[in-house]
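Asks: I am sharing final_22.cif, which consists of mmCIF, C-alpha atoms:
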```cif
data_start
#
loop_
_atom_site.label_atom_id
_atom_site.label_comp_id
_atom_site.auth_asym_id
_atom_site.auth_seq_id
_atom_site.Cartn_x
_atom_site.Cartn_y
_atom_site.Cartn_z
CA MET A 103 -36.52 4.80 66.36
CA ILE A 104 -37.50 2.63 63.38
CA PHE A 105 -38.01 5.79 61.36
CA LYS A 106 -34.43 6.92 62.06
CA GLU A 107 -33.03 3.56 61.01
CA ASN A 108 -34.94 3.77 57.77
CA ILE A 109 -33.34 7.11 57.04
CA LEU A 110 -29.92 5.66 57.77
CA ILE A 111 -30.54 2.69 55.46
CA THR A 112 -31.72 4.91 52.63
CA LEU A 113 -28.67 7.11 53.11
CA VAL A 114 -26.37 4.10 52.90
CA ILE A 115 -28.15 2.88 49.77
CA PHE A 116 -27.73 6.31 48.15
CA MET A 117 -24.05 6.35 49.04
CA VAL A 118 -23.54 2.91 47.50
CA LEU A 119 -25.47 3.95 44.39
CA SER A 120 -23.37 7.08 44.02
CA LEU A 121 -20.24 4.90 44.18
CA PHE A 122 -21.61 2.82 41.30
CA LYS A 123 -22.30 5.97 39.34
CA ASN A 124 -18.63 6.93 39.65
CA SER A 125 -17.42 3.55 38.38
CA TYR A 126 -19.71 3.86 35.35
CA ALA A 127 -18.35 7.31 34.58
CA ALA A 128 -15.90 5.82 32.03
CA GLU A 129 -18.74 5.41 29.54
CA ASP A 130 -19.50 9.09 29.60
CA MET A 131 -15.81 9.99 29.57
CA THR A 132 -15.29 8.89 25.97
CA ASN A 133 -17.18 11.83 24.53
CA TYR A 134 -15.22 13.57 21.83
CA LEU A 135 -16.03 15.36 18.59
CA MET A 136 -14.51 13.79 15.49
CA THR A 137 -14.09 16.04 12.46
CA GLY A 138 -12.80 14.30 9.34
CA ASP A 139 -9.87 12.13 10.45
CA SER A 140 -9.00 14.20 13.49
CA ILE A 141 -10.10 15.39 16.94
CA ASN A 142 -9.41 19.10 16.97
CA THR A 143 -9.94 19.91 20.67
CA PRO A 144 -7.92 18.19 23.43
CA LEU A 145 -9.83 15.38 25.20
CA ASP A 146 -11.72 16.84 28.18
CA GLY A 147 -9.82 20.11 27.58
CA LEU A 148 -6.67 18.67 29.19
CA THR A 149 -3.07 19.55 28.37
CA GLY A 150 -0.43 16.83 28.17
CA LYS A 151 3.12 16.69 29.49
CA PRO A 152 5.76 15.19 27.16
CA GLU A 153 7.79 13.67 30.06
CA ARG A 154 4.78 11.71 31.31
CA GLY A 155 4.00 10.82 27.71
CA GLN A 156 7.41 9.22 27.21
CA ALA A 157 6.99 7.06 30.31
CA LEU A 158 3.52 5.94 29.14
CA PHE A 159 4.88 5.32 25.63
CA ARG A 160 7.38 2.79 27.03
CA ASN A 161 5.19 1.31 29.80
CA GLN A 162 4.16 -2.21 28.80
CA ASN A 163 0.85 -2.01 30.67
CA LYS A 164 -0.11 1.41 29.37
CA GLY A 165 0.80 2.66 25.90
CA ASN A 166 3.21 -0.16 25.08
CA CYS A 167 3.74 1.61 21.75
CA LEU A 168 7.11 -0.08 21.16
CA ALA A 169 5.37 -3.45 20.94
CA CYS A 170 4.39 -2.55 17.38
CA HIS A 171 6.14 0.75 16.46
CA GLN A 172 9.75 1.83 16.18
CA LEU A 173 11.14 5.08 17.57
CA SER A 174 14.88 5.34 17.02
CA ILE A 175 15.42 7.99 19.73
CA LEU A 176 14.51 5.42 22.41
CA LYS A 177 17.26 2.91 23.11
CA ASP A 178 14.99 0.13 24.45
CA ALA A 179 16.03 -3.37 23.43
CA PHE A 180 13.31 -4.47 21.01
CA HIS A 181 11.05 -2.38 18.80
CA GLY A 182 8.09 -3.97 17.02
CA THR A 183 7.67 -3.94 13.25
CA ILE A 184 3.89 -4.29 12.95
CA GLY A 185 3.06 -0.58 12.79
CA PRO A 186 4.89 2.20 10.91
CA SER A 187 7.93 3.95 12.39
CA LEU A 188 7.01 6.92 14.56
CA ASP A 189 10.17 8.89 13.72
CA GLN A 190 9.11 12.35 12.55
CA VAL A 191 5.45 11.46 13.00
CA SER A 192 4.76 15.12 13.82
CA GLN A 193 5.92 16.00 10.30
CA ARG A 194 3.48 13.58 8.68
CA LEU A 195 0.38 14.10 10.84
CA THR A 196 -1.15 17.05 12.67
CA GLU A 197 -1.69 16.97 16.43
CA ALA A 198 -5.43 16.52 15.86
CA GLN A 199 -4.86 13.55 13.53
CA ILE A 200 -2.49 11.86 16.01
CA ARG A 201 -5.09 12.37 18.74
CA LEU A 202 -7.75 10.42 16.82
CA ARG A 203 -5.30 7.67 15.85
CA ILE A 204 -4.42 7.02 19.51
CA THR A 205 -8.00 7.44 20.73
CA ASP A 206 -9.59 5.00 18.28
CA MET A 207 -7.69 3.95 15.15
CA LYS A 208 -10.68 1.87 14.03
CA GLN A 209 -12.47 5.12 13.12
CA VAL A 210 -9.78 5.68 10.48
CA ASN A 211 -9.35 2.07 9.33
CA PRO A 212 -11.92 -0.48 10.58
CA TYR A 213 -9.53 -3.38 9.83
CA SER A 214 -6.63 -1.89 11.77
CA ILE A 215 -4.96 -4.10 14.39
CA MET A 216 -4.22 -1.07 16.58
CA PRO A 217 -6.28 -1.04 19.81
CA GLY A 218 -8.41 2.00 20.50
CA PHE A 219 -6.68 3.33 23.59
CA TYR A 220 -9.65 5.54 24.47
CA ARG A 221 -12.34 3.53 22.66
CA SER A 222 -15.68 3.40 24.42
CA PRO A 223 -15.93 0.18 26.49
CA LYS A 224 -19.46 -0.20 25.11
CA LYS A 225 -18.01 -0.99 21.68
CA ILE A 226 -15.74 -3.77 23.01
CA ASN A 227 -16.69 -7.44 22.59
CA ARG A 228 -16.33 -9.54 25.79
CA ILE A 229 -14.14 -7.21 27.81
CA SER A 230 -12.49 -8.92 30.80
CA PRO A 231 -14.20 -8.32 34.17
CA LEU A 232 -10.85 -6.95 35.38
CA TYR A 233 -11.07 -4.07 32.89
CA GLU A 234 -14.83 -3.58 32.83
CA ASN A 235 -15.98 -0.03 31.99
CA SER A 236 -12.44 1.21 31.55
CA THR A 237 -10.29 2.35 28.67
CA ILE A 238 -6.64 1.36 28.17
CA LEU A 239 -5.54 4.98 28.69
CA THR A 240 -7.33 7.85 30.41
CA SER A 241 -7.95 11.08 28.50
CA GLN A 242 -5.05 12.71 30.37
CA GLU A 243 -2.71 9.87 29.35
CA VAL A 244 -3.76 10.15 25.68
CA GLU A 245 -2.99 13.87 25.81
CA ASP A 246 0.40 13.13 27.41
CA ILE A 247 1.36 10.77 24.57
CA VAL A 248 0.08 13.20 21.92
CA SER A 249 2.22 15.96 23.43
CA TYR A 250 5.24 13.61 23.55
CA LEU A 251 4.91 12.68 19.88
CA MET A 252 4.45 16.34 18.92
CA SER A 253 7.56 17.28 20.93
CA LEU A 254 9.75 14.92 18.87
CA LYS A 255 11.85 17.16 16.65
CA PRO A 256 13.28 15.75 13.43
CA ASN A 257 16.76 16.20 14.98
CA SER A 258 17.99 12.70 14.13
CA PHE A 259 17.05 13.46 10.53
CA ALA A 260 18.75 16.87 10.69
CA GLU A 261 21.99 15.38 12.07
CA GLN A 262 22.27 13.04 9.13
CA GLN A 263 21.86 15.88 6.62
CA MET B 155 -1.10 -5.74 -26.27
CA ILE B 156 -4.34 -7.56 -25.62
CA THR B 157 -2.63 -9.94 -23.23
CA LEU B 158 -1.13 -7.01 -21.34
CA ARG B 159 -4.57 -5.43 -20.99
CA ALA B 160 -6.03 -8.76 -19.83
CA PHE B 161 -3.24 -9.05 -17.27
CA ARG B 162 -3.90 -5.57 -16.00
CA TYR B 163 -7.61 -6.27 -15.64
CA SER B 164 -7.00 -9.54 -13.82
CA PHE B 165 -4.65 -7.74 -11.43
CA LEU B 166 -7.28 -5.06 -10.83
CA ASN B 167 -9.80 -7.80 -10.17
CA LEU B 168 -7.51 -9.25 -7.52
CA VAL B 169 -7.09 -5.85 -5.86
CA PHE B 170 -10.86 -5.40 -5.96
CA LEU B 171 -11.42 -8.79 -4.35
CA PHE B 172 -8.92 -8.06 -1.58
CA THR B 173 -10.59 -4.74 -0.78
CA LEU B 174 -13.95 -6.52 -0.63
CA PHE B 175 -12.74 -9.40 1.55
CA PRO B 176 -9.78 -8.18 3.57
CA SER B 177 -10.39 -10.81 6.23
CA THR B 178 -9.43 -13.64 3.88
CA PRO B 179 -5.79 -13.02 3.06
CA LEU B 180 -3.87 -15.22 0.68
CA ARG B 181 -1.72 -17.68 2.61
CA ALA B 182 1.15 -18.92 0.53
CA GLU B 183 2.30 -21.92 2.52
CA LEU B 184 1.94 -23.53 5.92
CA ILE B 185 4.81 -22.85 8.30
CA SER B 186 5.13 -24.73 11.57
CA GLY B 187 5.87 -22.70 14.68
CA TYR B 188 9.19 -24.60 14.81
CA GLU B 189 10.56 -22.36 12.03
CA PHE B 190 10.05 -19.28 14.23
CA LEU B 191 12.21 -20.67 17.09
CA SER B 192 15.79 -19.74 17.85
CA ASN B 193 18.42 -22.41 17.14
CA GLN B 194 18.79 -23.05 20.86
CA ALA B 195 15.06 -23.68 21.26
CA LYS B 196 15.07 -25.91 18.16
CA ASP B 197 17.85 -28.03 19.69
CA MET B 198 15.87 -28.21 22.92
CA GLN B 199 12.82 -29.55 21.06
CA ASN B 200 14.82 -32.16 19.15
CA ASP B 201 16.72 -33.49 22.18
CA ASP B 202 14.63 -36.04 24.09
CA PHE B 203 16.60 -35.43 27.27
CA GLN B 204 16.33 -31.63 27.20
CA ASN B 205 12.70 -31.48 26.08
CA PRO B 206 10.48 -31.32 29.22
CA GLY B 207 7.60 -32.70 27.16
CA TYR B 208 9.09 -36.19 27.41
CA LEU B 209 8.69 -36.10 31.20
CA MET B 210 5.01 -35.49 30.57
CA ILE B 211 4.92 -38.47 28.20
CA GLU B 212 6.44 -40.69 30.91
CA LYS B 213 3.79 -39.47 33.32
CA GLY B 214 1.20 -40.18 30.63
CA LEU B 215 2.44 -43.76 30.32
CA GLU B 216 2.08 -44.18 34.09
CA VAL B 217 -1.54 -43.00 33.94
CA TYR B 218 -2.04 -45.19 30.87
CA ASN B 219 -1.03 -48.28 32.81
CA THR B 220 -2.92 -47.60 36.06
CA ARG B 221 -6.09 -49.62 36.47
CA GLY B 222 -9.49 -48.00 36.61
CA GLU B 223 -12.52 -48.79 38.79
CA ASN B 224 -13.31 -51.88 36.71
CA GLU B 225 -9.73 -53.23 37.03
CA LYS B 226 -8.96 -52.43 33.39
CA SER B 227 -6.43 -49.95 32.12
CA CYS B 228 -5.96 -48.25 28.76
CA ASN B 229 -3.69 -51.06 27.58
CA HIS B 230 -6.68 -53.44 27.71
CA CYS B 231 -7.83 -51.98 24.37
CA HIS B 232 -4.82 -50.04 23.07
CA GLY B 233 -2.03 -52.54 23.78
CA ASN B 234 1.18 -52.22 25.78
CA ASN B 235 2.49 -48.64 25.69
CA GLY B 236 -0.14 -47.81 23.10
CA GLU B 237 1.03 -50.17 20.35
CA LYS B 238 -2.42 -50.36 18.80
CA PHE B 239 -2.88 -46.62 18.33
CA THR B 240 -3.04 -45.71 14.66
CA PRO B 241 -1.20 -42.43 13.93
CA LYS B 242 -3.59 -41.62 11.06
CA SER B 243 -6.57 -41.80 13.38
CA ILE B 244 -4.90 -39.58 16.01
CA ALA B 245 -4.10 -36.97 13.34
CA GLN B 246 -7.80 -36.75 12.41
CA PHE B 247 -8.89 -35.23 15.74
CA PRO B 248 -11.19 -33.34 16.36
CA LYS B 249 -13.64 -35.62 14.55
CA PHE B 250 -17.30 -36.49 14.64
CA HIS B 251 -18.31 -39.01 17.32
CA ASN B 252 -21.18 -41.16 16.09
CA LEU B 253 -22.26 -42.26 19.56
CA LEU B 254 -22.29 -38.76 21.05
CA GLN B 255 -23.49 -37.16 17.78
CA ALA B 256 -21.04 -34.31 18.34
CA PRO B 257 -17.46 -33.40 17.42
CA VAL B 258 -14.88 -34.60 19.93
CA THR B 259 -11.32 -33.47 20.52
CA LEU B 260 -8.66 -35.94 21.62
CA ARG B 261 -9.28 -34.78 25.20
CA ASP B 262 -13.01 -35.45 24.87
CA GLN B 263 -12.23 -38.92 23.55
CA ILE B 264 -9.90 -39.61 26.49
CA GLN B 265 -12.63 -38.40 28.87
CA PHE B 266 -15.15 -40.66 27.12
CA CYS B 267 -12.93 -43.75 27.56
CA TRP B 268 -12.01 -42.73 31.12
CA ASP B 269 -15.70 -42.53 32.02
CA LYS B 270 -17.27 -45.31 29.95
CA ARG B 271 -14.49 -47.88 29.47
CA LEU B 272 -12.65 -47.60 32.80
CA ASP B 273 -15.68 -46.57 34.92
CA ASN B 274 -13.59 -43.78 36.46
CA PHE B 275 -14.83 -40.50 37.84
CA PRO B 276 -14.37 -37.92 35.02
CA LEU B 277 -11.12 -35.95 35.07
CA LEU B 278 -11.18 -32.19 35.49
CA TYR B 279 -10.30 -30.36 32.29
CA ASP B 280 -7.17 -28.83 33.79
CA ASP B 281 -6.03 -32.12 35.39
CA THR B 282 -2.39 -32.93 34.64
CA ASP B 283 -3.33 -36.60 34.15
CA LEU B 284 -5.50 -35.60 31.19
CA LEU B 285 -2.74 -33.37 29.82
CA ALA B 286 -0.19 -36.18 30.25
CA LEU B 287 -2.40 -38.74 28.49
CA GLU B 288 -3.07 -36.33 25.63
CA THR B 289 0.64 -35.60 25.22
CA MET B 290 1.53 -39.29 25.28
CA ILE B 291 -1.17 -40.26 22.74
CA ARG B 292 -0.55 -37.33 20.42
CA ASN B 293 3.15 -38.20 20.49
CA LYS B 294 2.27 -41.62 19.05
CA ALA B 295 1.41 -39.76 15.83
CA TYR B 296 4.74 -37.87 15.72
CA GLY B 297 5.57 -37.02 12.11
CA GLU B 298 2.09 -37.88 10.87
CA LYS B 299 0.36 -35.15 8.85
CA VAL B 300 -2.62 -33.39 10.46
CA ASN B 301 -5.74 -34.42 8.58
CA VAL B 302 -9.00 -33.01 9.95
CA ASP B 303 -12.19 -33.66 8.03
CA THR B 304 -14.29 -30.49 7.62
CA SER B 305 -17.04 -31.85 5.37
CA GLY B 306 -20.43 -33.36 6.14
CA GLU B 307 -21.45 -33.31 9.80
CA MET B 308 -18.29 -31.42 10.80
CA GLN B 309 -18.95 -28.47 8.50
CA PRO B 310 -21.24 -26.34 10.74
CA TYR B 311 -18.76 -26.68 13.63
CA TYR B 312 -15.87 -25.79 11.34
CA GLU B 313 -17.72 -22.71 10.07
CA ALA B 314 -18.52 -21.65 13.65
CA GLY B 315 -14.84 -21.97 14.54
CA LYS B 316 -13.85 -19.95 11.49
CA LYS B 317 -16.28 -17.20 12.45
CA PHE B 318 -14.80 -17.19 15.96
CA TYR B 319 -11.29 -16.89 14.47
CA PHE B 320 -12.26 -13.67 12.70
CA THR B 321 -14.11 -12.15 15.70
CA ARG B 322 -12.42 -9.39 17.64
CA PHE B 323 -12.19 -9.82 21.42
CA GLY B 324 -11.27 -7.86 24.50
CA GLN B 325 -9.99 -4.43 25.29
CA MET B 326 -7.14 -4.94 22.79
CA ASP B 327 -9.90 -5.45 20.20
CA MET B 328 -8.01 -7.84 17.92
CA ASN B 329 -8.92 -11.09 16.20
CA CYS B 330 -6.72 -14.17 15.74
CA SER B 331 -6.31 -13.54 12.02
CA GLN B 332 -4.72 -10.12 12.38
CA CYS B 333 -1.64 -11.46 14.17
CA HIS B 334 -1.46 -14.94 12.67
CA ASP B 335 -2.40 -14.27 9.02
CA VAL B 336 -1.88 -10.58 8.27
CA TYR B 337 1.24 -9.76 10.30
CA THR B 338 2.96 -13.16 10.37
CA GLY B 339 6.73 -12.76 10.47
CA ARG B 340 6.66 -9.23 11.89
CA MET B 341 8.08 -8.51 15.33
CA LEU B 342 5.82 -7.96 18.33
CA ARG B 343 8.46 -6.37 20.55
CA GLY B 344 11.07 -9.17 20.79
CA GLN B 345 8.86 -11.96 19.51
CA LYS B 346 8.31 -12.95 15.89
CA LEU B 347 4.64 -13.55 15.12
CA SER B 348 4.03 -17.12 13.97
CA GLN B 349 1.17 -18.53 11.92
CA GLY B 350 -0.40 -19.85 15.12
CA GLN B 351 -0.37 -23.45 13.94
CA THR B 352 -1.46 -26.16 16.37
CA ASN B 353 0.64 -29.12 15.19
CA GLY B 354 2.87 -29.02 18.31
CA PHE B 355 0.18 -29.18 21.01
CA PRO B 356 0.34 -30.12 23.86
CA LEU B 357 3.61 -28.22 24.10
CA PHE B 358 6.09 -26.76 26.56
CA ARG B 359 5.89 -22.96 26.78
CA LEU B 360 9.19 -21.24 27.48
CA GLU B 361 7.39 -18.09 28.63
CA SER B 362 5.34 -19.72 31.40
CA GLN B 363 7.74 -22.71 31.80
CA LYS B 364 4.98 -25.33 31.75
CA MET B 365 3.17 -27.79 29.51
CA VAL B 366 -0.09 -26.47 28.04
CA ASN B 367 -2.75 -27.91 25.80
CA LEU B 368 -4.58 -25.81 23.21
CA PRO B 369 -7.48 -24.50 25.36
CA GLN B 370 -5.05 -23.54 28.11
CA ARG B 371 -2.98 -21.64 25.55
CA LEU B 372 -6.11 -19.96 24.16
CA ARG B 373 -7.03 -18.84 27.67
CA GLU B 374 -3.62 -17.18 27.93
CA CYS B 375 -4.30 -15.45 24.60
CA PHE B 376 -7.61 -14.18 25.92
CA HIS B 377 -5.88 -12.94 29.05
CA SER B 378 -3.42 -10.88 27.00
CA LEU B 379 -6.28 -9.54 24.87
CA ARG B 380 -7.89 -8.43 28.16
CA ALA B 381 -10.99 -10.41 27.22
CA GLN B 382 -13.35 -12.57 29.22
CA THR B 383 -12.21 -16.15 28.57
CA PHE B 384 -14.22 -19.26 27.76
CA GLU B 385 -14.13 -22.52 29.70
CA GLN B 386 -11.61 -25.13 28.52
CA ASP B 387 -14.34 -27.54 27.45
CA SER B 388 -16.61 -24.86 25.98
CA ASN B 389 -18.16 -25.33 22.55
CA GLU B 390 -16.52 -22.10 21.38
CA PHE B 391 -13.00 -23.40 22.04
CA ARG B 392 -13.90 -26.82 20.61
CA ASN B 393 -15.11 -25.23 17.37
CA LEU B 394 -12.02 -23.06 17.24
CA GLU B 395 -9.82 -26.13 17.72
CA ILE B 396 -11.55 -27.75 14.72
CA TYR B 397 -10.84 -24.69 12.59
CA LEU B 398 -7.25 -24.29 13.81
CA ASN B 399 -6.31 -27.93 13.33
CA ALA B 400 -7.97 -28.02 9.90
CA ARG B 401 -6.14 -24.80 9.01
CA GLY B 402 -2.89 -26.68 9.56
CA ASN B 403 -3.93 -29.76 7.58
CA GLY B 404 -0.76 -31.19 6.06
CA LEU B 405 1.65 -30.06 8.78
CA LYS B 406 3.51 -32.79 10.62
CA ILE B 407 2.63 -33.39 14.28
CA GLU B 408 5.50 -32.31 16.56
CA THR B 409 4.14 -33.18 20.01
CA PRO B 410 5.77 -32.43 22.43
CA ALA B 411 6.97 -29.17 20.90
CA ILE B 412 8.77 -26.19 22.42
CA ARG B 413 7.28 -22.77 21.79
CA TYR B 414 7.58 -19.26 23.20
#
```
For this file, write the structure as structure tokens.

Replies:
Amino acid sequence: MIFKENILITLVIFMVLSLFKNSYAAEDMTNYLMTGDSINTPLDGLTGKPERGQALFRNQNKGNCLACHQLSILKDAFHGTIGPSLDQVSQRLTEAQIRLRITDMKQVNPYSIMPGFYRSPKKINRISPLYENSTILTSQEVEDIVSYLMSLKPNSFAEQQ
Amino acid sequence: MITLRAFRYSFLNLVFLFTLFPSTPLRAELISGYEFLSNQAKDMQNDDFQNPGYLMIEKGLEVYNTRGENEKSCNHCHGNNGEKFTPKSIAQFPKFHNLLQAPVTLRDQIQFCWDKRLDNFPLLYDDTDLLALETMIRNKAYGEKVNVDTSGEMQPYYEAGKKFYFTRFGQMDMNCSQCHDVYTGRMLRGQKLSQGQTNGFPLFRLESQKMVNLPQRLRECFHSLRAQTFEQDSNEFRNLEIYLNARGNGLKIETPAIRY
């Protein structure tokens, strides 16, 4: 009888431990290969959807890109002026370059104010307990925003011409 | 021709220095947070009846006049309604306390008096009585220029605060300087970034609709940086307050101010 209970207890302990392992998975998630100033392969081999990307781009708890950048296609009330305008960003940068800039801008410019949206939580100083072992965006969400920015055609520019 | 060459070399030197030390940007002049307010908010600050800070001052005067455990009140030393306060002395906080052998903020000094002179049980650091007293006393130095000493015994604390100011925190991974030195005047969504001067504290925040002192405001900053905060009476925040107040040396005290 005691023997059976012991087995049960060990099982429960293993289950709890496996739960912990899942919550620590974020550390392993931020594995990507950086070549030059770009990440050539999609994060975790995922493909993004531009529609989801636009929603994340405007969401104040997710991308919140408009806090610092301007994008004249979006008719939201206030656009920030800290970062450069993202109009025709796909003409200036390749998809791979945009991917690194969203993932961790500090790899390109260590003094940049831009947060690393997929920066390893290990590199963060005093992260809040609420956001422990997490990144601002998941790899899927980064891919969504990359695909949204790449889908922006220079149509507003073409209309003016 | 020679002068032109000399000019070019001096300019290059400057560029070289800025690439070496990008964390020490050139700050042209001190601008109070008042200049970044809308006209409506400016009017609100200037009007004693609209400014909610004056309610806090009235509450502060009530606390000032209530007697402590030893039947004395603040006016025993500082006179009726704080007549004997010297604005110059108030503007020097945080300063070195010879008895405690440590730097003290105005709040620490109030706590010291509360404990030692009135024999009261110490106030909690987020107690509104403490906030009200600080607002009322700081208001006595309205218009006086901030003048924090950073030499001698204060220097190590000032340097620690400066180091803190340039340290990046939280998931947003930013330091104070990036918003309040480098990108001052730019728009963060609908809000213009100010220099982050502290001459208006304690102040009324329009965003949270309540009076806050500096550590409470810093805790809100840490929350938006998604960083683990420090306690209100922690040494880290005290050092930072020394650096921030000294950074605004020369600005006029505006307590109680209105800010976003």

Asks: Using all atoms listed in the file, find each residue in chain B having at least one atom no more than 6 Å away from chain A; report its shortest atom-to-atom pair and that distance in Å (one decimal), rows by chain then rising number, as a tab-separated table.

Replies:
```
residue	atom	partner	partner_atom	distance
B:Phe323	CA	A:Asn227	CA	5.2
B:Gly324	CA	A:Ile229	CA	4.4
B:Gln325	CA	A:Ile229	CA	5.6
B:Met326	CA	A:Pro217	CA	5.0
B:Asp327	CA	A:Pro217	CA	5.7
B:Met328	CA	A:Ile215	CA	6.0
B:Arg340	CA	A:Thr183	CA	5.6
B:Met341	CA	A:Gly182	CA	4.8
B:Leu342	CA	A:Gly182	CA	4.8
B:Arg343	CA	A:Ala169	CA	4.3
B:Gly344	CA	A:Phe180	CA	5.2
B:Arg380	CA	A:Ser230	CA	5.3
B:Ala381	CA	A:Ser230	CA	4.2
B:Gln382	CA	A:Ser230	CA	4.1
```

Asks: Please expand the PyMOL selection byres ((chain A and resi 153-157) around 9) into the concrete residues it hits in this file, giving the result as a list in words.

Replies: Gly150, Lys151, Pro152, Leu158, Phe159, Arg160, Asn161, Gly165, Glu243, Val244, Glu245, Asp246, Ile247, Val248, Ser249, Tyr250 and Leu251 of chain A

Asks: So that I can check the surroundings of Arg413 of chain B, please list as a list in words every protein, DNA and RNA residue that reaches within 10 Å of it, counting all atoms listed in the file and ignoring chain neighbours fewer than 3 positions away.

Replies: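 Listed by chain and then number, they are Gly187, Tyr188, Phe190, Leu191, Ser192, Ala195, Lys196, Gln199, Gly354, Phe355, Leu357, Phe358, Arg359, Leu360, Glu361 and Pro410 of chain B.
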
Asks: Separation of atom CA of Asn293 of chain B and atom CA of Glu408 of chain B, in Å?

Replies: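 Interatomic distance here is 7.5 Å.
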
Asks: What is the distance between atom CA of Ser378 of chain B and atom CA of Gln199 of chain A, in Å to one decimal?

Replies: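 Going from atom CA of Ser378 of chain B over to atom CA of Gln199 of chain A covers 27.9 Å.
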